[in-house]
$ cat protein_34.pdb   # PDB, C-alpha atoms
ATOM      1  CA  MET A 160       0.000   0.000   0.000
ATOM      2  CA  ARG A 161       1.406   3.351  -1.098
ATOM      3  CA  ASN A 162       0.009   5.489   1.699
ATOM      4  CA  ARG A 163       0.131   4.519   5.345
ATOM      5  CA  LEU A 164      -2.101   6.205   7.927
ATOM      6  CA  VAL A 165      -1.908   5.053  11.516
ATOM      7  CA  VAL A 166      -3.300   6.254  14.845
ATOM      8  CA  GLN A 167      -1.583   4.404  17.667
ATOM      9  CA  LEU A 168      -0.711   4.448  21.367
ATOM     10  CA  VAL A 169       2.829   3.160  20.956
ATOM     11  CA  ASP A 170       5.961   4.913  19.729
ATOM     12  CA  PHE A 171       7.202   4.634  16.144
ATOM     13  CA  ASP A 172      10.595   3.972  14.569
ATOM     14  CA  LEU A 173      11.692   6.923  12.480
ATOM     15  CA  ALA A 174      14.412   4.973  10.636
ATOM     16  CA  ALA A 175      12.043   2.139   9.719
ATOM     17  CA  GLU A 176       9.422   4.578   8.413
ATOM     18  CA  TYR A 177      12.064   6.406   6.350
ATOM     19  CA  ARG A 178      13.312   3.123   4.866
ATOM     20  CA  ARG A 179       9.800   2.067   3.906
ATOM     21  CA  LEU A 180       9.287   5.300   1.955
ATOM     22  CA  CYS A 181      12.696   4.942   0.236
ATOM     23  CA  GLU A 182      11.862   1.428  -0.899
ATOM     24  CA  LEU A 183       8.380   2.149  -2.264
ATOM     25  CA  ASP A 184       9.411   2.675  -5.842
ATOM     26  CA  GLY A 185      12.581   3.049  -7.922
ATOM     27  CA  ALA A 186      11.375   6.443  -9.152
ATOM     28  CA  VAL A 187      11.514   7.923  -5.618
ATOM     29  CA  GLY A 188      14.191  10.614  -5.651
ATOM     30  CA  ALA A 189      13.251  12.561  -2.522
ATOM     31  CA  VAL A 190      11.967  11.614   0.909
ATOM     32  CA  VAL A 191      11.063  14.371   3.369
ATOM     33  CA  THR A 192      10.227  13.397   6.937
ATOM     34  CA  PHE A 193       8.958  15.402   9.889
ATOM     35  CA  CYS A 194       8.676  14.295  13.491
ATOM     36  CA  GLY A 195       6.793  16.309  16.120
ATOM     37  CA  LEU A 196       7.828  15.997  19.779
ATOM     38  CA  VAL A 197       6.188  16.849  23.101
ATOM     39  CA  ARG A 198       7.727  20.095  24.396
ATOM     40  CA  ASP A 199       8.554  20.229  28.098
ATOM     41  CA  CYS A 200       6.604  23.475  28.511
ATOM     42  CA  GLU A 201       3.402  25.007  27.180
ATOM     43  CA  GLN A 202       2.986  28.786  27.237
ATOM     44  CA  GLN A 203       6.136  29.083  29.359
ATOM     45  CA  ALA A 204       4.833  26.685  32.028
ATOM     46  CA  PRO A 205       6.495  23.279  32.500
ATOM     47  CA  ILE A 206       4.209  20.334  31.744
ATOM     48  CA  ASP A 207       3.975  16.878  33.298
ATOM     49  CA  SER A 208       2.313  15.155  30.353
ATOM     50  CA  LEU A 209       0.246  15.667  27.226
ATOM     51  CA  THR A 210      -2.804  13.508  26.490
ATOM     52  CA  LEU A 211      -4.162  13.223  22.963
ATOM     53  CA  GLN A 212      -7.785  12.283  22.471
ATOM     54  CA  HIS A 213      -9.209  11.129  19.142
ATOM     55  CA  TYR A 214     -12.521   9.948  17.691
ATOM     56  CA  PRO A 215     -11.885   6.387  16.434
ATOM     57  CA  GLY A 216     -13.032   5.960  12.859
ATOM     58  CA  MET A 217     -13.625   9.644  12.241
ATOM     59  CA  THR A 218     -10.021  10.601  13.006
ATOM     60  CA  GLU A 219      -8.710   8.050  10.504
ATOM     61  CA  ALA A 220     -11.208   9.344   7.937
ATOM     62  CA  SER A 221     -10.006  12.922   8.489
ATOM     63  CA  LEU A 222      -6.411  11.775   7.913
ATOM     64  CA  GLY A 223      -7.524  10.030   4.721
ATOM     65  CA  ASP A 224      -9.115  13.253   3.433
ATOM     66  CA  ILE A 225      -5.933  15.247   4.154
ATOM     67  CA  VAL A 226      -3.732  12.687   2.395
ATOM     68  CA  ALA A 227      -6.070  12.514  -0.606
ATOM     69  CA  SER A 228      -5.943  16.301  -0.993
ATOM     70  CA  ALA A 229      -2.109  16.252  -0.905
ATOM     71  CA  ASP A 230      -2.096  13.471  -3.510
ATOM     72  CA  ARG A 231      -4.237  15.639  -5.795
ATOM     73  CA  ARG A 232      -1.850  18.624  -5.475
ATOM     74  CA  TRP A 233       1.541  16.979  -5.972
ATOM     75  CA  PRO A 234       2.933  13.971  -7.885
ATOM     76  CA  LEU A 235       3.770  11.776  -4.889
ATOM     77  CA  HIS A 236       4.886   8.164  -4.615
ATOM     78  CA  GLY A 237       3.781   7.678  -1.030
ATOM     79  CA  ILE A 238       2.700   9.354   2.196
ATOM     80  CA  THR A 239       3.007   8.113   5.755
ATOM     81  CA  ILE A 240       1.226   9.721   8.692
ATOM     82  CA  ILE A 241       1.547   8.238  12.163
ATOM     83  CA  HIS A 242      -0.184  10.099  14.974
ATOM     84  CA  ARG A 243       0.041   8.936  18.551
ATOM     85  CA  VAL A 244      -2.799   9.197  21.090
ATOM     86  CA  GLY A 245      -3.049   8.655  24.823
ATOM     87  CA  GLU A 246      -0.738  10.044  27.480
ATOM     88  CA  LEU A 247       2.687  11.232  26.309
ATOM     89  CA  LEU A 248       5.621  12.650  28.229
ATOM     90  CA  PRO A 249       7.951  15.541  27.389
ATOM     91  CA  ARG A 250      10.345  14.585  24.545
ATOM     92  CA  ASP A 251       8.078  11.750  23.358
ATOM     93  CA  GLN A 252       7.421  11.575  19.626
ATOM     94  CA  ILE A 253       3.824  12.602  18.794
ATOM     95  CA  VAL A 254       3.528  12.666  15.037
ATOM     96  CA  PHE A 255       5.396  11.464  11.972
ATOM     97  CA  VAL A 256       4.844  12.742   8.455
ATOM     98  CA  GLY A 257       6.857  11.304   5.589
ATOM     99  CA  VAL A 258       6.498  12.026   1.880
ATOM    100  CA  ALA A 259       8.217  10.309  -1.050
ATOM    101  CA  SER A 260       8.309  11.920  -4.478
ATOM    102  CA  GLY A 261      10.439  12.069  -7.607
ATOM    103  CA  HIS A 262      11.896  15.487  -6.770
ATOM    104  CA  ARG A 263      12.430  17.462  -3.590
ATOM    105  CA  ALA A 264      10.095  20.423  -4.181
ATOM    106  CA  ALA A 265       6.948  18.288  -4.155
ATOM    107  CA  ALA A 266       8.098  16.339  -1.096
ATOM    108  CA  PHE A 267       8.973  19.462   0.920
ATOM    109  CA  GLN A 268       5.760  21.258   0.005
ATOM    110  CA  ALA A 269       3.517  18.246   0.594
ATOM    111  CA  ALA A 270       5.054  17.553   4.017
ATOM    112  CA  ASP A 271       4.546  21.203   5.011
ATOM    113  CA  TYR A 272       0.944  21.089   3.719
ATOM    114  CA  LEU A 273       0.199  17.817   5.526
ATOM    115  CA  MET A 274       1.414  19.193   8.861
ATOM    116  CA  ASP A 275      -0.564  22.427   8.436
ATOM    117  CA  TYR A 276      -3.743  20.463   7.762
ATOM    118  CA  LEU A 277      -3.027  17.918  10.505
ATOM    119  CA  LYS A 278      -2.939  20.818  12.940
ATOM    120  CA  THR A 279      -6.255  22.266  11.846
ATOM    121  CA  ARG A 280      -8.402  19.452  10.374
ATOM    122  CA  ALA A 281      -7.412  16.120  11.883
ATOM    123  CA  MET A 282      -9.669  15.000  14.722
ATOM    124  CA  PHE A 283      -7.317  15.202  17.723
ATOM    125  CA  TRP A 284      -7.618  17.165  20.945
ATOM    126  CA  LYS A 285      -4.698  17.907  23.289
ATOM    127  CA  ASN A 286      -4.929  18.067  27.069
ATOM    128  CA  VAL A 287      -1.962  19.261  29.110
ATOM    129  CA  ALA A 288      -1.245  18.253  32.722
ATOM    130  CA  HIS A 289       0.861  20.589  34.812
ATOM    131  CA  GLY A 290       1.100  20.991  38.559
ATOM    132  CA  GLY A 291      -1.694  18.497  39.167
ATOM    133  CA  GLU A 292      -4.152  20.361  36.910
ATOM    134  CA  ARG A 293      -5.398  19.538  33.452
ATOM    135  CA  GLN A 294      -6.137  22.004  30.666
ATOM    136  CA  TRP A 295      -7.342  21.630  27.083
ATOM    137  CA  VAL A 296      -5.068  23.211  24.487
ATOM    138  CA  ASP A 297      -6.695  25.827  22.262
ATOM    139  CA  CYS A 298      -6.277  25.853  18.501
ATOM    140  CA  LYS A 299      -3.668  28.524  17.674
ATOM    141  CA  ASP A 300      -4.390  31.352  15.227
ATOM    142  CA  SER A 301      -0.909  30.827  13.774
ATOM    143  CA  ASP A 302      -1.870  27.234  12.895
ATOM    144  CA  ARG A 303      -5.107  28.360  11.257
ATOM    145  CA  GLN A 304      -3.238  31.001   9.242
ATOM    146  CA  ALA A 305      -0.606  28.469   8.194
ATOM    147  CA  ALA A 306      -3.308  26.158   6.815
ATOM    148  CA  HIS A 307      -5.206  29.041   5.222
ATOM    149  CA  ARG A 308      -2.204  30.103   3.114
ATOM    150  CA  TRP A 309      -2.549  26.968   0.974
ATOM    151  CA  SER A 310      -5.903  28.174  -0.298
ATOM    152  CA  GLN A 311      -4.675  31.771  -0.746
ATOM    153  CA  ASP A 312      -1.410  31.486  -2.674
ATOM    154  CA  PRO A 313      -1.845  29.731  -6.035
ATOM    155  CA  LYS A 314       1.950  29.645  -6.514
ATOM    156  CA  ARG A 315       2.150  27.224  -3.614
ATOM    157  CA  GLN A 316      -0.238  24.751  -5.212
TER     158      GLN A 316
ATOM    159  CA  MET B 381     -32.100   6.566  21.814
ATOM    160  CA  ILE B 382     -29.389   8.776  20.375
ATOM    161  CA  LYS B 383     -25.837   8.236  21.607
ATOM    162  CA  LEU B 384     -24.106  11.493  22.563
ATOM    163  CA  LEU B 385     -20.341  12.059  22.437
ATOM    164  CA  PHE B 386     -18.513  15.176  23.594
ATOM    165  CA  PHE B 387     -14.870  15.672  22.634
ATOM    166  CA  GLY B 388     -12.125  17.904  23.997
ATOM    167  CA  ARG B 389     -13.221  20.468  26.556
ATOM    168  CA  LEU B 390     -16.887  19.706  25.806
ATOM    169  CA  GLY B 391     -16.401  16.358  27.548
ATOM    170  CA  ASP B 392     -15.135  17.878  30.794
ATOM    171  CA  ALA B 393     -16.814  16.309  33.817
ATOM    172  CA  THR B 394     -17.844  19.756  35.046
ATOM    173  CA  TYR B 395     -20.434  19.935  32.265
ATOM    174  CA  ALA B 396     -22.036  16.659  33.460
ATOM    175  CA  ALA B 397     -23.144  15.942  29.896
ATOM    176  CA  PRO B 398     -25.555  13.027  29.407
ATOM    177  CA  GLU B 399     -24.588   9.980  27.346
ATOM    178  CA  VAL B 400     -27.906   9.511  25.560
ATOM    179  CA  PHE B 401     -30.849  11.561  24.354
ATOM    180  CA  GLU B 402     -34.340  10.322  23.610
ATOM    181  CA  ALA B 403     -35.145  10.246  19.897
ATOM    182  CA  SER B 404     -38.314  11.873  18.583
ATOM    183  CA  VAL B 405     -39.906  12.596  15.218
ATOM    184  CA  GLY B 406     -38.346  15.631  13.514
ATOM    185  CA  LEU B 407     -35.510  15.943  16.001
ATOM    186  CA  THR B 408     -32.409  17.687  14.635
ATOM    187  CA  ALA B 409     -28.853  18.202  15.917
ATOM    188  CA  ALA B 410     -29.817  21.811  16.679
ATOM    189  CA  GLY B 411     -32.814  20.531  18.625
ATOM    190  CA  VAL B 412     -30.595  18.367  20.808
ATOM    191  CA  ARG B 413     -28.254  21.321  21.360
ATOM    192  CA  ASP B 414     -31.201  23.537  22.376
ATOM    193  CA  ALA B 415     -32.538  20.909  24.782
ATOM    194  CA  LEU B 416     -29.108  20.341  26.345
ATOM    195  CA  SER B 417     -28.691  24.106  26.773
ATOM    196  CA  SER B 418     -31.914  24.291  28.788
ATOM    197  CA  LEU B 419     -30.895  21.394  31.023
ATOM    198  CA  TYR B 420     -27.162  22.165  31.302
ATOM    199  CA  PRO B 421     -26.589  25.919  30.799
ATOM    200  CA  ALA B 422     -22.777  25.799  31.101
ATOM    201  CA  LEU B 423     -22.588  23.006  28.537
ATOM    202  CA  GLY B 424     -25.034  24.906  26.342
ATOM    203  CA  ARG B 425     -22.800  27.986  26.283
ATOM    204  CA  ALA B 426     -19.862  25.814  25.202
ATOM    205  CA  LEU B 427     -21.924  24.039  22.508
ATOM    206  CA  PHE B 428     -23.062  27.362  21.016
ATOM    207  CA  GLU B 429     -19.492  28.573  20.437
ATOM    208  CA  PRO B 430     -19.301  29.202  16.689
ATOM    209  CA  GLN B 431     -16.383  26.871  15.994
ATOM    210  CA  VAL B 432     -18.099  23.802  17.449
ATOM    211  CA  LEU B 433     -19.004  21.264  14.746
ATOM    212  CA  VAL B 434     -21.436  18.384  14.913
ATOM    213  CA  SER B 435     -21.245  14.934  13.345
ATOM    214  CA  VAL B 436     -23.777  12.150  12.892
ATOM    215  CA  ASP B 437     -22.420   8.619  12.626
ATOM    216  CA  ARG B 438     -18.916  10.087  12.138
ATOM    217  CA  VAL B 439     -19.774  12.440   9.289
ATOM    218  CA  ILE B 440     -19.796  16.213   9.861
ATOM    219  CA  VAL B 441     -23.294  17.538   9.182
ATOM    220  CA  ASP B 442     -25.319  20.734   9.289
ATOM    221  CA  TRP B 443     -27.015  21.530  12.594
ATOM    222  CA  GLN B 444     -30.401  21.066  10.879
ATOM    223  CA  GLN B 445     -29.604  17.415  10.107
ATOM    224  CA  PRO B 446     -32.572  15.206  11.114
ATOM    225  CA  LEU B 447     -31.587  12.461  13.550
ATOM    226  CA  LEU B 448     -32.638   8.834  13.384
ATOM    227  CA  ASP B 449     -33.130   6.618  16.406
ATOM    228  CA  GLY B 450     -29.871   4.784  17.193
ATOM    229  CA  CYS B 451     -27.535   7.330  15.600
ATOM    230  CA  GLU B 452     -24.321   8.631  17.170
ATOM    231  CA  LEU B 453     -24.240  12.408  17.613
ATOM    232  CA  ALA B 454     -20.849  13.959  18.414
ATOM    233  CA  PHE B 455     -19.986  17.524  19.377
ATOM    234  CA  LEU B 456     -16.535  18.538  18.148
ATOM    235  CA  PRO B 457     -14.637  21.602  19.393
ATOM    236  CA  PRO B 458     -11.733  23.027  17.332
ATOM    237  CA  VAL B 459      -9.051  20.375  16.867
ATOM    238  CA  THR B 460      -5.483  20.652  18.169
ATOM    239  CA  GLY B 461      -3.531  17.779  16.616
ATOM    240  CA  GLY B 462      -0.033  17.596  15.232
TER     241      GLY B 462
END
$ encode --input "protein_34.pdb" --output "structure tokens"
Amino acid sequence: MRNRLVVQLVDFDLAAEYRRLCELDGAVGAVVTFCGLVRDCEQQAPIDSLTLQHYPGMTEASLGDIVASADRRWPLHGITIIHRVGELLPRDQIVFVGVASGHRAAAFQAADYLMDYLKTRAMFWKNVAHGGERQWVDCKDSDRQAAHRWSQDPKRQ
Amino acid sequence: MIKLLFFGRLGDATYAAPEVFEASVGLTAAGVRDALSSLYPALGRALFEPQVLVSVDRVIVDWQQPLLDGCELAFLPPVTGG
């Protein structure tokens, strides 16, 4: 299967995911990967943990929509998205995005696009624990603006 | 009965949201939201925030979507993945 979309509790192996994308097809000339980590502070306050909630079934469908839209925009050989859920600790890996294409421009742009849309359209909700209290994380305006630029600037399509 | 799901901050225990809602002829997602607002004012204020979306059986729908007995109605605040 060309594209791989996974929502899981357990950690992932960056090197193994990279290798899988490299080996998809002999025409792959560029693989761009991104890995998001849990920061040890949120809004300048240290955190104990970060819990990600998702809506089983609907979250996977939202990832499928995002990947399909990237596939329509760029000539890609394969996309991998792995998003973790459950309780994570500072420095844990949260999300992996990998894109394989013939040339680097498409892979860089598609990875950037996928992360922007993951932030604003994928069905995940973050809850931060610090000092014995829990707080839901609000969607950032900067994330919304980052996603919005893809529909504003035709040169980026 | 209609199964209710509340995600993110909408599911906070402080709102004491119910898990089910009795189905009736002509009931819509907006109708459920109105009824919940009368019974649980704090939850109602959160549900009426403009960025809250609603889904039926895991598909995002308009608030005027009619609801069938046995469906799953979910209230979805803005997402924060990645």
$ closest_atom_pairs --input "protein_34.pdb" --of "chain B" --to "chain A" --cutoff "9 Å" --atoms "only C-alpha atoms" --output "CSV"
residue,atom,partner,partner_atom,distance
B:Phe387,CA,A:Trp284,CA,7.6
B:Gly388,CA,A:Trp284,CA,5.5
B:Arg389,CA,A:Trp295,CA,6.0
B:Asp437,CA,A:Met217,CA,8.9
B:Arg438,CA,A:Met217,CA,5.3
B:Val439,CA,A:Met217,CA,7.4
B:Leu456,CA,A:Met282,CA,8.4
B:Pro457,CA,A:Trp284,CA,8.4
B:Pro458,CA,A:Cys298,CA,6.3
B:Val459,CA,A:Trp284,CA,5.4
B:Thr460,CA,A:Trp284,CA,4.9
B:Gly461,CA,A:Phe283,CA,4.7
B:Gly462,CA,A:Lys278,CA,4.9
$ resolve_selection --input "protein_34.pdb" --expression "the PyMOL selection byres ((chain A and resi 267-272) around 12)" --output "PyMOL selection string"
(chain A and resi 189-194+225-240+255-266+273-280+302+305-310+314-316) or (chain B and resi 462)
$ atom_distance --input "protein_34.pdb" --atom1 "atom CA of Glu182 of chain A" --atom2 "atom CA of Arg161 of chain A"
10.6 Å
$ resolve_selection --input "protein_34.pdb" --expression "the PyMOL selection byres ((chain B and resi 399-409) around 9)" --output "list in words"
Met381, Ile382, Lys383, Leu384, Leu385, Phe386, Ala397, Pro398, Ala410, Gly411, Val412, Arg413, Asp414, Val434, Ser435, Val436, Val441, Asp442, Trp443, Gln444, Gln445, Pro446, Leu447, Leu448, Asp449, Gly450 and Leu453 of chain B
$ write_last_selection --input "protein_34.pdb" --atoms "C-alpha atoms" --output "PDB file, in the frame of the given file"
ATOM      1  CA  MET B 381     -32.100   6.566  21.814  1.00  0.00           C
ATOM      2  CA  ILE B 382     -29.389   8.776  20.375  1.00  0.00           C
ATOM      3  CA  LYS B 383     -25.837   8.236  21.607  1.00  0.00           C
ATOM      4  CA  LEU B 384     -24.106  11.493  22.563  1.00  0.00           C
ATOM      5  CA  LEU B 385     -20.341  12.059  22.437  1.00  0.00           C
ATOM      6  CA  PHE B 386     -18.513  15.176  23.594  1.00  0.00           C
ATOM      7  CA  ALA B 397     -23.144  15.942  29.896  1.00  0.00           C
ATOM      8  CA  PRO B 398     -25.555  13.027  29.407  1.00  0.00           C
ATOM      9  CA  ALA B 410     -29.817  21.811  16.679  1.00  0.00           C
ATOM     10  CA  GLY B 411     -32.814  20.531  18.625  1.00  0.00           C
ATOM     11  CA  VAL B 412     -30.595  18.367  20.808  1.00  0.00           C
ATOM     12  CA  ARG B 413     -28.254  21.321  21.360  1.00  0.00           C
ATOM     13  CA  ASP B 414     -31.201  23.537  22.376  1.00  0.00           C
ATOM     14  CA  VAL B 434     -21.436  18.384  14.913  1.00  0.00           C
ATOM     15  CA  SER B 435     -21.245  14.934  13.345  1.00  0.00           C
ATOM     16  CA  VAL B 436     -23.777  12.150  12.892  1.00  0.00           C
ATOM     17  CA  VAL B 441     -23.294  17.538   9.182  1.00  0.00           C
ATOM     18  CA  ASP B 442     -25.319  20.734   9.289  1.00  0.00           C
ATOM     19  CA  TRP B 443     -27.015  21.530  12.594  1.00  0.00           C
ATOM     20  CA  GLN B 444     -30.401  21.066  10.879  1.00  0.00           C
ATOM     21  CA  GLN B 445     -29.604  17.415  10.107  1.00  0.00           C
ATOM     22  CA  PRO B 446     -32.572  15.206  11.114  1.00  0.00           C
ATOM     23  CA  LEU B 447     -31.587  12.461  13.550  1.00  0.00           C
ATOM     24  CA  LEU B 448     -32.638   8.834  13.384  1.00  0.00           C
ATOM     25  CA  ASP B 449     -33.130   6.618  16.406  1.00  0.00           C
ATOM     26  CA  GLY B 450     -29.871   4.784  17.193  1.00  0.00           C
ATOM     27  CA  LEU B 453     -24.240  12.408  17.613  1.00  0.00           C
TER      28      LEU B 453
END
$ atom_distance --input "protein_34.pdb" --atom1 "atom CA of Leu222 of chain A" --atom2 "atom CA of Gln167 of chain A"
13.1 Å
$ closest_residue --input "protein_34.pdb" --among "B:Ala415, B:Val432, B:Leu427, B:Ala422" --to "Thr394 of chain B" --atoms "all atoms listed in the file"
B:Ala422
$ atom_distance --input "protein_34.pdb" --atom1 "atom CA of Pro430 of chain B" --atom2 "atom CA of Glu201 of chain A"
25.4 Å
$ residues_near_point --input "protein_34.pdb" --point "(-2.7, 9.8, 28.2)" --cutoff "8 Å" --atoms "all atoms listed in the file" --output "MDAnalysis selection string"
chainID A and resid 208:211 244:247
$ write_last_selection --input "protein_34.pdb" --atoms "C-alpha atoms" --output "PDB file, in the frame of the given file"
ATOM      1  CA  SER A 208       2.313  15.155  30.353  1.00  0.00           C
ATOM      2  CA  LEU A 209       0.246  15.667  27.226  1.00  0.00           C
ATOM      3  CA  THR A 210      -2.804  13.508  26.490  1.00  0.00           C
ATOM      4  CA  LEU A 211      -4.162  13.223  22.963  1.00  0.00           C
ATOM      5  CA  VAL A 244      -2.799   9.197  21.090  1.00  0.00           C
ATOM      6  CA  GLY A 245      -3.049   8.655  24.823  1.00  0.00           C
ATOM      7  CA  GLU A 246      -0.738  10.044  27.480  1.00  0.00           C
ATOM      8  CA  LEU A 247       2.687  11.232  26.309  1.00  0.00           C
TER       9      LEU A 247
END
$ resolve_selection --input "protein_34.pdb" --expression "the PyMOL selection byres ((chain A and resi 251) around 6)" --output "number ranges by chain"
A: 196-197, 248-250, 252
$ write_last_selection --input "protein_34.pdb" --atoms "C-alpha atoms" --output "PDB file, in the coordinates of the input"
ATOM      1  CA  LEU A 196       7.828  15.997  19.779  1.00  0.00           C
ATOM      2  CA  VAL A 197       6.188  16.849  23.101  1.00  0.00           C
ATOM      3  CA  LEU A 248       5.621  12.650  28.229  1.00  0.00           C
ATOM      4  CA  PRO A 249       7.951  15.541  27.389  1.00  0.00           C
ATOM      5  CA  ARG A 250      10.345  14.585  24.545  1.00  0.00           C
ATOM      6  CA  GLN A 252       7.421  11.575  19.626  1.00  0.00           C
TER       7      GLN A 252
END
$ axis_aligned_box --input "protein_34.pdb" --around "segment 188-197 of chain A" --padding-each-side "4 Å" --output "JSON"
{"center_x": 10.2, "center_y": 13.7, "center_z": 8.7, "size_x": 16.0, "size_y": 14.2, "size_z": 36.8}
$ closest_residue --input "protein_34.pdb" --among "B:Phe455, B:Leu416, B:Pro421, B:Phe428" --to "Gly391 of chain B" --atoms "only C-alpha atoms"
B:Phe455
